[in-house]
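Below: one structure, written as structure tokens.
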Amino acid sequence: MTEIKKFDAVVVGSGLGGLAAGALLAKAGYSVCLLERNFSLGGAASVYRVGGLTVESSLHQTSDARNPRDVKHSILRDLGILDEIEWLPTGALHHVRGGPVGETFALPAGFDAAYDALAERFPDKRSAIQEFLADVERIHDSLWTIRQARDTGSVAKFTRALWELAPAAAAWNDTLDEVFTQRFGGAEALKCALGANLLYFGDDPKRTWWIYYALAQGANIASGGAYIKGGSRQLSLKLAKVITKSGGVVRLGRNATAILTGADGEAAAVRHVARKTGEDEQEISARVVLANCAPSVAGELLPAPARALMEEEFGARPLSTSLFCANFGLAQKPATVGLKDFNAIVLPETMTRFSQYGDGAGALGADPAGALPLYSIANFTAVDSGLWDEPPVLVSLLGLDNISNWDGLSREQALARRERWLDALQGAMERDYPGFAGLVSERVMLNAFSMAGYLNTPRGAVYGFEPLPPEDPIIAGFPRTPRTPVAGLYLASAFGGEHGFNGAILSGAEAARLAAASLESGVE
Ligand SMILES: Cc1cc2nc3c(=O)[nH]c(=O)nc-3n(C[C@H](O)[C@H](O)[C@H](O)COP(=O)(O)OP(=O)(O)OC[C@H]3O[C@@H](n4cnc5c(N)ncnc54)[C@H](O)[C@@H]3O)c2cc1C
């Protein structure tokens with residue numbers, strides 16, 4: 001080991017949660033060192049090349065951060081990067097077809113527009129739709145008010161937020177399926193129209209917390225969906241730049257191999273090695289450590305007593321779903337074969353109820369046969385992304401996956417099955433957009449194993465922990481926090497809060513707030 005460096009905060013991982021936490025702490029004047037084992041920034045929020053194809057690794061859409069009530073707005077504004085990023089509106093939140101929905105339904109952005117479209121398609125449920133959307137909007141707004149109350153120390157605002165949350169209180173412990181059924185009975189097409197994009201935060205409506213849905217969909221409807229010009233990597237680069245411009249350090253290709261603890265069991269230092277060689281061990285002493293890596297990964301890096309505490313706290317929590325992503329590179333823009341919208345979600349013809357949403361998650365455990373599981377299509381050239389002006393032009397198909405689908409296969413067997421799934425998905429695209437197959441010049445399929453390998457996330461979980469409803473009543477507060485049982489160690493990732501770009505950034509911001517408080521108080 002060479003020298004030991006000293007920083008206020010060490011961040012393990014450059015996913016959006018780690019970058020947001022690092023940027024906020026660095027901007028606040030703390031010395032920050034961020035370590036990333038990969039050779040590119042951003043974790044899931046990155047853009048890379050496979051052969052000749054440029055691939056967006058995660059972002060299909062996020063709520064448009066330009067809306068002052070968007071959860072990312074004030075964080076990115078305070079970091080000075082909100083306006084440096086070009087947010088490209090993606091149009092309707094989703095176009096869903098097949099299953100109980102049949103002909104395409106487009107869910108527009110904006111609560112009034114969403115109501116109009118839903119009421120026109122499902123006129124007998126008008127009043128239930130209106131009440132439901134009003135509750136979603138209130139839950140979304142109350143979160144904003146609670147944050148404002150905290151930032152300004154306003155008791156009046158906090159009371160207002162609690163009043164806004166009243167409708168949620170009644171259903172605080174319910175699943176999405178329960179709330180949909182209470183509100184809409186057996187109107188399965190309506191449920192699918194409202195929940196078609198569930199795969200962007202969960203898989204099974206019978207296990208997904210309804211408040212999670214309300215927060216995610218509320219943000220989407222309130223702000224509209226957006227892609228980022230230049231891809232998600234731009235957001236990661238801008239956040240990293242805040243760290244380096246504030247005097248911090250960002251190191252790629254550095255694998256954290258140990259989190260050392262001090263005399264009182266507090267996180268006190270991080271060891272890391274070069275990813276390529278496993279050598280060049282270095283140590284950084286830190287007053288706080290922010291784990292952007294999964295809690296199980298952080299646990300394994302800790303000495304036995306702290307590891308046991310992490311295991312006790314997090315070990316039994318079910319993980320979120322993983323995803324497959326079939327990326328096709330086309331010789332021409334997909335509009336030439338009729339694929340014009342930014343996104344479309346295709347439900348299987350065999351699906352008759354929304355509660356069956358997660359049933360296809362095991363489909364990739366065998367070769368394709370019969371109806372395909374549901375998938376979402378991202379057509380990036382529907383916006384001026386700046387990435388695919390020249391062929392090959394990316395179209396990505398996203399669906400649910402589970403690492404157990406691939407257990408026990410040799411590398412060759414897994415690759416062969418991936419090819420057969422690419423054939424099946426390409427066949428479905430050819431059926432719906434004749435001429436599509438003839439345009440395909442490159443293709444690559446990522447699965448739960450790819451996610452686990454690239455992100456070092458357990459079982460390929462892409463959204464942190466499974467968004468299960470809490471067992472405690474609303475008075476116990478939001479059931480996720482970046483706090484860990486190890487002093488000075490915080491979760492700055494989707495595991496510390498909610499899923500997705502919004503969840504990871506919020507969790508990073510909350511982790512930074514807690515870390516800063518402990519740095520200020522000197523009690524780490
Ligand atoms: C295919 C796909 C599509 C998605 N689509 C969307 C979407 O459209 N909209 C949306 O909002 N969200 C989407 N998501 C989800 C979203 O991308 C993630 O929830 C979010 O980016 C997770 O960020 P994170 O900070 O939790 O960490 P991650 O992005 O998981 O990053 C963790 C980082 O930690 C690093 N790390 C782990 N261990 C170590 C170690 N020992 N040393 C150093 N570094 C380490 C990893 O290499 C990785 O870079 C998608 C995800 C995927 C995979």
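By convention in this document, the chains of the structure tokens carry letters A, B, ... by their order, each chain's residues are numbered from 1, and ligands are numbered from 1 in the order they are shown.
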Env of region 453-469 of chain A: 9 Å cut, atoms = only C-alpha atoms, seq-sep filter 3 positions within chain, self excluded. Answer as a PyMOL selection string. chain A and resi 15+38+43-44+172-175+200-203+207-212+293-294+296-297+317-323+401-404+447-450+472+479+493-500+503-504
Which of region 362-434 of chain A fall in strand (DSSP E or B), as a PyMOL selection string: chain A and resi 375-379+393-401
Output file for the residues above (N, CA, C and O atoms, as a PDB file, in the first residue's frame):
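As written to disk, again.pdb reads:
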```
ATOM      1  N   TYR A 375     -43.320  -5.818 -23.228  1.00  0.00           N
ATOM      2  CA  TYR A 375     -42.090  -5.055 -23.419  1.00  0.00           C
ATOM      3  C   TYR A 375     -42.424  -3.620 -23.766  1.00  0.00           C
ATOM      4  O   TYR A 375     -43.538  -3.313 -24.217  1.00  0.00           O
ATOM      5  N   SER A 376     -41.421  -2.778 -23.528  1.00  0.00           N
ATOM      6  CA  SER A 376     -41.570  -1.356 -23.811  1.00  0.00           C
ATOM      7  C   SER A 376     -40.569  -0.999 -24.912  1.00  0.00           C
ATOM      8  O   SER A 376     -39.436  -1.478 -24.890  1.00  0.00           O
ATOM      9  N   ILE A 377     -40.983  -0.187 -25.862  1.00  0.00           N
ATOM     10  CA  ILE A 377     -40.092   0.189 -26.972  1.00  0.00           C
ATOM     11  C   ILE A 377     -39.648   1.636 -26.778  1.00  0.00           C
ATOM     12  O   ILE A 377     -40.489   2.512 -26.594  1.00  0.00           O
ATOM     13  N   ALA A 378     -38.342   1.870 -26.813  1.00  0.00           N
ATOM     14  CA  ALA A 378     -37.846   3.254 -26.770  1.00  0.00           C
ATOM     15  C   ALA A 378     -37.270   3.603 -28.135  1.00  0.00           C
ATOM     16  O   ALA A 378     -36.322   2.960 -28.597  1.00  0.00           O
ATOM     17  N   ASN A 379     -37.866   4.602 -28.750  1.00  0.00           N
ATOM     18  CA  ASN A 379     -37.449   5.049 -30.082  1.00  0.00           C
ATOM     19  C   ASN A 379     -36.787   6.418 -29.916  1.00  0.00           C
ATOM     20  O   ASN A 379     -37.443   7.460 -29.994  1.00  0.00           O
ATOM     21  N   VAL A 393     -28.964   3.296 -35.899  1.00  0.00           N
ATOM     22  CA  VAL A 393     -29.878   4.079 -35.066  1.00  0.00           C
ATOM     23  C   VAL A 393     -30.477   3.146 -34.011  1.00  0.00           C
ATOM     24  O   VAL A 393     -30.999   2.086 -34.348  1.00  0.00           O
ATOM     25  N   LEU A 394     -30.413   3.569 -32.755  1.00  0.00           N
ATOM     26  CA  LEU A 394     -30.818   2.671 -31.662  1.00  0.00           C
ATOM     27  C   LEU A 394     -32.332   2.627 -31.450  1.00  0.00           C
ATOM     28  O   LEU A 394     -32.992   3.660 -31.363  1.00  0.00           O
ATOM     29  N   VAL A 395     -32.862   1.405 -31.353  1.00  0.00           N
ATOM     30  CA  VAL A 395     -34.206   1.163 -30.804  1.00  0.00           C
ATOM     31  C   VAL A 395     -34.022   0.123 -29.705  1.00  0.00           C
ATOM     32  O   VAL A 395     -33.402  -0.918 -29.936  1.00  0.00           O
ATOM     33  N   SER A 396     -34.524   0.411 -28.498  1.00  0.00           N
ATOM     34  CA  SER A 396     -34.353  -0.526 -27.374  1.00  0.00           C
ATOM     35  C   SER A 396     -35.688  -1.096 -26.936  1.00  0.00           C
ATOM     36  O   SER A 396     -36.672  -0.354 -26.818  1.00  0.00           O
ATOM     37  N   LEU A 397     -35.702  -2.382 -26.683  1.00  0.00           N
ATOM     38  CA  LEU A 397     -36.890  -3.040 -26.131  1.00  0.00           C
ATOM     39  C   LEU A 397     -36.552  -3.499 -24.716  1.00  0.00           C
ATOM     40  O   LEU A 397     -35.547  -4.186 -24.517  1.00  0.00           O
ATOM     41  N   LEU A 398     -37.395  -3.094 -23.783  1.00  0.00           N
ATOM     42  CA  LEU A 398     -37.113  -3.348 -22.369  1.00  0.00           C
ATOM     43  C   LEU A 398     -38.200  -4.230 -21.787  1.00  0.00           C
ATOM     44  O   LEU A 398     -39.384  -4.034 -22.077  1.00  0.00           O
ATOM     45  N   GLY A 399     -37.818  -5.202 -20.956  1.00  0.00           N
ATOM     46  CA  GLY A 399     -38.827  -6.037 -20.305  1.00  0.00           C
ATOM     47  C   GLY A 399     -38.295  -6.584 -18.995  1.00  0.00           C
ATOM     48  O   GLY A 399     -37.133  -6.385 -18.635  1.00  0.00           O
ATOM     49  N   LEU A 400     -39.161  -7.280 -18.256  1.00  0.00           N
ATOM     50  CA  LEU A 400     -38.794  -7.801 -16.937  1.00  0.00           C
ATOM     51  C   LEU A 400     -37.888  -9.013 -17.073  1.00  0.00           C
ATOM     52  O   LEU A 400     -38.090  -9.852 -17.963  1.00  0.00           O
ATOM     53  N   ASP A 401     -36.912  -9.117 -16.197  1.00  0.00           N
ATOM     54  CA  ASP A 401     -36.059 -10.302 -16.173  1.00  0.00           C
ATOM     55  C   ASP A 401     -35.706 -10.591 -14.718  1.00  0.00           C
ATOM     56  O   ASP A 401     -35.921  -9.757 -13.824  1.00  0.00           O
TER      57      ASP A 401
END
```
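Compared by their closest atoms to ligand 1, and using only C-alpha atoms and all ligand atoms, the residues A:Val383, A:Ala316, A:Ala113, A:Ala219 rank with A:Ala219 nearest.
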Name all residues at most 6 Å from region 32-34 of chain A (count only C-alpha atoms; drop same-chain ones fewer than 2 positions away) and give them as a PDB file with C-alpha atoms, in the first residue's frame.
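Output file selection09.pdb follows:
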```
ATOM      1  CA  PHE A   7     -11.049  13.358   2.638  1.00  0.00           C
ATOM      2  CA  ALA A   9     -16.310  12.078   2.347  1.00  0.00           C
ATOM      3  CA  VAL A  10     -15.574   9.041   0.203  1.00  0.00           C
ATOM      4  CA  VAL A  11     -18.285   7.942  -2.234  1.00  0.00           C
ATOM      5  CA  ALA A  26     -18.325  19.093  -2.644  1.00  0.00           C
ATOM      6  CA  GLY A 248     -13.018  17.022  -5.294  1.00  0.00           C
ATOM      7  CA  VAL A 249     -11.619  13.946  -6.990  1.00  0.00           C
ATOM      8  CA  VAL A 250     -13.385  11.413  -9.242  1.00  0.00           C
TER       9      VAL A 250
END
```
What residues in region 8-182 of chain A get the DSSP label alpha helix (DSSP H)? Please answer as JSON, numbers by chain. {"A": [16, 17, 18, 19, 20, 21, 22, 23, 24, 25, 26, 27, 73, 74, 75, 76, 77, 78, 111, 112, 113, 114, 115, 116, 117, 118, 119, 120, 121, 126, 127, 128, 129, 130, 131, 132, 133, 134, 135, 136, 137, 138, 139, 140, 141, 142, 143, 144, 145, 146, 147, 148, 149, 150, 151, 152, 155, 156, 157, 158, 159, 160, 161, 162, 163, 164, 165, 166, 167, 168, 169, 170, 176, 177, 178, 179, 180, 181, 182]}
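The shortest atom-to-atom distance to Thr145 (chain A), with only C-alpha atoms taken into account, belongs to A:Asp70 out of A:Asp70, A:Glu312, A:Glu131, A:Asp124.
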Tell me, as number ranges by chain, which residues lie within 10 Å of Ala268 (chain A), counting only C-alpha atoms; anything in the same chain fewer than 4 positions away does not count. A: 8-10, 259-264, 284-289, 487-489, 524
With all heavy atoms kept, could you save the residues just selected as a short mmCIF file (atom, residue, chain, number, x, y, z; two decimals), in the first residue's frame?
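Output (out01.cif):
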```cif
data_model
loop_
_atom_site.label_atom_id
_atom_site.label_comp_id
_atom_site.auth_asym_id
_atom_site.auth_seq_id
_atom_site.Cartn_x
_atom_site.Cartn_y
_atom_site.Cartn_z
N ASP A 8 -13.02 14.41 3.58
CA ASP A 8 -14.20 14.42 4.46
C ASP A 8 -15.12 13.25 4.09
O ASP A 8 -15.63 12.56 4.95
CB ASP A 8 -14.99 15.74 4.29
CG ASP A 8 -14.25 16.92 4.86
OD1 ASP A 8 -13.56 16.74 5.89
OD2 ASP A 8 -14.33 18.02 4.26
N ALA A 9 -15.34 13.08 2.78
CA ALA A 9 -16.31 12.08 2.35
C ALA A 9 -15.74 11.24 1.21
O ALA A 9 -15.15 11.78 0.28
CB ALA A 9 -17.59 12.77 1.87
N VAL A 10 -15.90 9.93 1.32
CA VAL A 10 -15.57 9.04 0.20
C VAL A 10 -16.88 8.45 -0.30
O VAL A 10 -17.71 7.97 0.48
CB VAL A 10 -14.61 7.92 0.63
CG1 VAL A 10 -14.39 6.94 -0.53
CG2 VAL A 10 -13.28 8.51 1.05
N ILE A 259 -14.09 -1.28 3.50
CA ILE A 259 -14.44 -0.08 4.27
C ILE A 259 -13.97 -0.36 5.69
O ILE A 259 -14.42 -1.32 6.32
CB ILE A 259 -15.96 0.20 4.24
CG1 ILE A 259 -16.45 0.40 2.79
CG2 ILE A 259 -16.30 1.44 5.09
CD1 ILE A 259 -17.97 0.54 2.65
N LEU A 260 -13.03 0.43 6.15
CA LEU A 260 -12.46 0.18 7.49
C LEU A 260 -13.24 0.98 8.53
O LEU A 260 -13.80 2.04 8.22
CB LEU A 260 -10.98 0.60 7.51
CG LEU A 260 -10.12 0.08 6.34
CD1 LEU A 260 -8.68 0.54 6.51
CD2 LEU A 260 -10.18 -1.44 6.26
N THR A 261 -13.30 0.45 9.74
CA THR A 261 -14.01 1.16 10.79
C THR A 261 -13.04 1.65 11.85
O THR A 261 -11.94 1.12 12.02
CB THR A 261 -15.09 0.25 11.44
OG1 THR A 261 -14.49 -0.99 11.78
CG2 THR A 261 -16.24 0.00 10.50
N GLY A 262 -13.50 2.69 12.59
CA GLY A 262 -12.67 3.27 13.65
C GLY A 262 -12.94 2.61 14.99
O GLY A 262 -13.65 1.60 15.08
N ALA A 263 -12.45 3.26 16.04
CA ALA A 263 -12.51 2.67 17.38
C ALA A 263 -13.94 2.41 17.83
O ALA A 263 -14.22 1.45 18.55
CB ALA A 263 -11.82 3.62 18.35
N ASP A 264 -14.88 3.27 17.39
CA ASP A 264 -16.28 3.09 17.83
C ASP A 264 -17.13 2.38 16.78
O ASP A 264 -18.36 2.48 16.78
CB ASP A 264 -16.90 4.47 18.15
CG ASP A 264 -16.18 5.13 19.32
OD1 ASP A 264 -15.78 4.39 20.25
OD2 ASP A 264 -15.99 6.36 19.28
N ILE A 284 -7.94 5.62 1.69
CA ILE A 284 -8.38 7.00 1.91
C ILE A 284 -9.06 7.04 3.26
O ILE A 284 -10.02 6.29 3.49
CB ILE A 284 -9.43 7.44 0.87
CG1 ILE A 284 -8.97 7.11 -0.54
CG2 ILE A 284 -9.74 8.92 1.01
CD1 ILE A 284 -10.08 7.27 -1.55
N SER A 285 -8.61 7.88 4.13
CA SER A 285 -9.35 8.02 5.38
C SER A 285 -10.47 9.02 5.16
O SER A 285 -10.33 9.98 4.41
CB SER A 285 -8.42 8.43 6.52
OG SER A 285 -8.13 9.80 6.43
N ALA A 286 -11.61 8.73 5.77
CA ALA A 286 -12.81 9.53 5.50
C ALA A 286 -13.56 9.77 6.79
O ALA A 286 -13.58 8.90 7.66
CB ALA A 286 -13.69 8.77 4.52
N ARG A 287 -14.20 10.92 6.87
CA ARG A 287 -15.04 11.18 8.05
C ARG A 287 -16.43 10.59 7.85
O ARG A 287 -17.11 10.25 8.81
CB ARG A 287 -15.10 12.69 8.31
CG ARG A 287 -13.70 13.25 8.64
CD ARG A 287 -13.70 14.75 8.66
NE ARG A 287 -14.53 15.30 9.71
CZ ARG A 287 -15.12 16.48 9.65
NH1 ARG A 287 -14.94 17.25 8.58
NH2 ARG A 287 -15.87 16.91 10.62
N VAL A 288 -16.86 10.50 6.59
CA VAL A 288 -18.11 9.78 6.27
C VAL A 288 -17.89 9.01 4.97
O VAL A 288 -17.08 9.42 4.12
CB VAL A 288 -19.33 10.72 6.09
CG1 VAL A 288 -19.74 11.37 7.40
CG2 VAL A 288 -19.07 11.78 5.03
N VAL A 289 -18.63 7.90 4.83
CA VAL A 289 -18.57 7.11 3.60
C VAL A 289 -19.98 7.01 3.03
O VAL A 289 -20.95 6.73 3.77
CB VAL A 289 -18.00 5.70 3.87
CG1 VAL A 289 -18.08 4.84 2.61
CG2 VAL A 289 -16.56 5.80 4.37
N ALA A 487 -22.32 3.80 11.94
CA ALA A 487 -22.14 5.26 12.05
C ALA A 487 -21.25 5.75 10.92
O ALA A 487 -20.27 5.09 10.56
CB ALA A 487 -21.51 5.59 13.40
N GLY A 488 -21.63 6.90 10.34
CA GLY A 488 -20.81 7.49 9.28
C GLY A 488 -20.95 6.84 7.93
O GLY A 488 -20.26 7.22 6.98
N LEU A 489 -21.84 5.85 7.80
CA LEU A 489 -22.05 5.18 6.50
C LEU A 489 -23.48 5.42 6.05
O LEU A 489 -24.43 5.13 6.79
CB LEU A 489 -21.78 3.68 6.63
CG LEU A 489 -22.03 2.85 5.37
CD1 LEU A 489 -21.02 3.20 4.27
CD2 LEU A 489 -21.93 1.35 5.68
N GLU A 524 -19.58 11.58 14.07
CA GLU A 524 -19.76 10.74 12.91
C GLU A 524 -20.01 9.33 13.33
O GLU A 524 -20.13 8.38 12.75
CB GLU A 524 -18.55 10.86 11.97
CG GLU A 524 -18.56 12.17 11.19
CD GLU A 524 -17.33 13.01 11.52
OE1 GLU A 524 -16.28 12.42 11.78
OE2 GLU A 524 -17.41 14.24 11.51
#
```
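The list of residues with at least one atom within 6 Å of Asp177 (chain A), based on only C-alpha atoms and without residues fewer than 3 positions apart in the same chain, reads Phe180, Pro205 and Lys206 of chain A.
Atom to atom, atom 29 (O, counted along the ligand's line) of ligand 1 and CA of Gly18 (chain A) stand 8.6 Å apart.
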Restricting the calculation to only C-alpha atoms, which member of A:Ala267, A:Asn502, A:Pro100, A:Ala171 is positioned closest to Gln61 (chain A)? A:Asn502
Contacts of region 420-431 of chain A at 9 Å (only C-alpha atoms; same-chain gap of 5+ positions) as a ChimeraX atom specification: /A:326-328,364,367-369,372,397,415,436-438,440,443-445
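From atom 33 (C, counted along the ligand's line) of ligand 1 back to CA of Thr277 (chain A), the distance works out to 19.4 Å.
Of the residues listed (A:Leu176, A:Leu374, A:Ala298, A:Met310), A:Ala298 shows the shortest atom-to-atom separation from ligand 1; distances use only C-alpha atoms and all ligand atoms.
A straight line drawn from CA of Phe342 (chain A) to CA of Gly225 (chain A) is 10.2 Å long.
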If you count only C-alpha atoms, which residues fall within 12 Å of Phe132 (chain A), apart from same-chain ones fewer than 4 positions away, as number ranges by chain? A: 111, 114-115, 118-119, 125-128, 136-139, 167-168, 176, 179-184, 190-191, 194, 210, 213-214, 217-218
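For the set A:Trp406, A:Phe501, A:Phe478, A:Phe354, the residue with the smallest atom-to-atom gap to ligand 1 is A:Phe501, counting only C-alpha atoms and all ligand atoms.
Of the residues listed (A:Asp384, A:Asp83, A:Glu419, A:Glu36), A:Glu36 shows the shortest atom-to-atom separation from ligand 1; distances use only C-alpha atoms and all ligand atoms.
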